[in-house]
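Peer 1: My questions all concern the structure below.
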Amino acid sequence: MSGVYEPPLPSMPGAAIPDISRSYELECPRCATPVLVTQVQGDRCPGCNFEFTVFEPGQDLVAGAFYDVLTGDKYVQELPDGGKVVVHG
Ligand SMILES: [Zn+2]
């Protein structure tokens with residue numbers, strides 16, 4: 001993979017999404033494939049190609065708003081540090 005692909009987030013004025021400073025080892029809630037998430041968005045499950053979007057602790061409202069506008073299959077995974085990952089197609 002080369003270059004930086006940043007799919008557009010739904011418009012959320014004032015909801016700046018910071019870079020994450022650590023990576024998360026997760027199990028895909030859709031297909032149970034281990035996934036290493038290192039970016040706020042853009043990491044995809046190698047098993048089902050669903051995309052992982054990370055929300056830091058305290059961003060519950062942002063995560064909820066993001067989740068609400070998604071269509072199709074979507075999942076929320078809690079992170080050990082209190083953040084959330086939204087997994088979506
Ligand atoms: Zn998957």
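We name chains A, B, ... following the order of the structure tokens; residues begin at 1 in each chain, and ligands are numbered from 1 as shown.
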Would you kindly return, as number ranges by chain, each protein, DNA or RNA residue with an atom no farther than 10 Å from any atom of region 42-45 of chain A, considering only C-alpha atoms and excluding same-chain residues fewer than 5 positions away?

Peer 2: A: 4-7, 26-37, 50-54, 87-89

Peer 1: Among region 34-83 of chain A, which ones does DSSP assign to alpha helix (DSSP H) (computed from the backbone)? Answer as a list in words.

Peer 2: Asp60, Leu61, Val62, Ala63, Gly64, Ala65, Phe66, Tyr67, Asp68 and Val69 of chain A

Peer 1: Using only C-alpha atoms and all ligand atoms, which residue out of A:Thr71, A:Gln41, A:Asn49, A:Ser23 lies closest to ligand 1?

Peer 2: A:Asn49

Peer 1: As an exercise, work out the distance from CA of Asp60 (chain A) to CA of Val76 (chain A) in Å and give it to one decimal place.

Peer 2: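 Computing the Euclidean distance for CA of Asp60 (chain A) and CA of Val76 (chain A) yields 10.9 Å.
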
Peer 1: Which one is closest to Asp73 (chain A): A:Tyr24, A:Val86, A:Gly58, A:Pro46? Count only C-alpha atoms.

Peer 2: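 Smallest separation from Asp73 (chain A) among the options: A:Val86.
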
Peer 1: Quick one: pick out all strand (DSSP E or B) residues within region 24-73 of chain A from a backbone DSSP run and write them as a list in words.

Peer 2: Tyr24, Glu25, Leu26, Glu27, Pro34, Val35, Leu36, Val37, Gln41, Gly42, Asp43, Arg44, Glu51, Phe52, Thr53, Val54 and Phe55 of chain A

Peer 1: Just to be explicit: take each residue in the selection above, keep C-alpha atoms, and write the result as an mmCIF file, in the first residue's frame.

Peer 2:
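Okay, again-v2.cif is ready:
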data_model
loop_
_atom_site.group_PDB
_atom_site.id
_atom_site.type_symbol
_atom_site.label_atom_id
_atom_site.label_comp_id
_atom_site.auth_asym_id
_atom_site.auth_seq_id
_atom_site.Cartn_x
_atom_site.Cartn_y
_atom_site.Cartn_z
ATOM 1 C CA TYR A 24 -4.701 -1.323 18.854
ATOM 2 C CA GLU A 25 -4.819 -5.029 18.294
ATOM 3 C CA LEU A 26 -8.420 -5.952 17.774
ATOM 4 C CA GLU A 27 -10.474 -8.833 16.594
ATOM 5 C CA PRO A 34 -7.092 -10.080 13.998
ATOM 6 C CA VAL A 35 -6.575 -6.472 12.926
ATOM 7 C CA LEU A 36 -3.847 -4.017 13.881
ATOM 8 C CA VAL A 37 -5.324 -0.535 13.898
ATOM 9 C CA GLN A 41 -9.282 5.943 9.922
ATOM 10 C CA GLY A 42 -8.239 4.022 6.877
ATOM 11 C CA ASP A 43 -7.242 0.712 8.426
ATOM 12 C CA ARG A 44 -9.223 -2.129 6.977
ATOM 13 C CA GLU A 51 -12.970 -0.083 7.795
ATOM 14 C CA PHE A 52 -11.976 0.763 11.351
ATOM 15 C CA THR A 53 -12.447 4.310 12.641
ATOM 16 C CA VAL A 54 -10.978 5.089 16.069
ATOM 17 C CA PHE A 55 -12.487 7.487 18.582
#

Peer 1: Which of these residues is nearest to ligand 1, using only C-alpha atoms and all ligand atoms: A:Val85, A:Leu79, A:Leu70, A:Cys48?

Peer 2: A:Cys48

Peer 1: What is the distance, in Å and to one decimal place, between CA of Gly72 (chain A) and CA of Thr38 (chain A)?

Peer 2: 24.0 Å

Peer 1: Using only C-alpha atoms and all ligand atoms, which of A:Tyr67, A:Gly47, A:Tyr75, A:Asp81 sits nearest ligand 1?

Peer 2: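 Once distances to ligand 1 are computed over only C-alpha atoms and all ligand atoms, the minimum belongs to A:Gly47.
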
Peer 1: Using only C-alpha atoms and all ligand atoms, pick whichever of A:Gln39, A:Lys74, A:Asp68, A:Glu56 has the shortest atom-to-atom distance to ligand 1.

Peer 2: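 Checking each of A:Gln39, A:Lys74, A:Asp68, A:Glu56 against ligand 1, counting only C-alpha atoms and all ligand atoms, the winner is A:Lys74.
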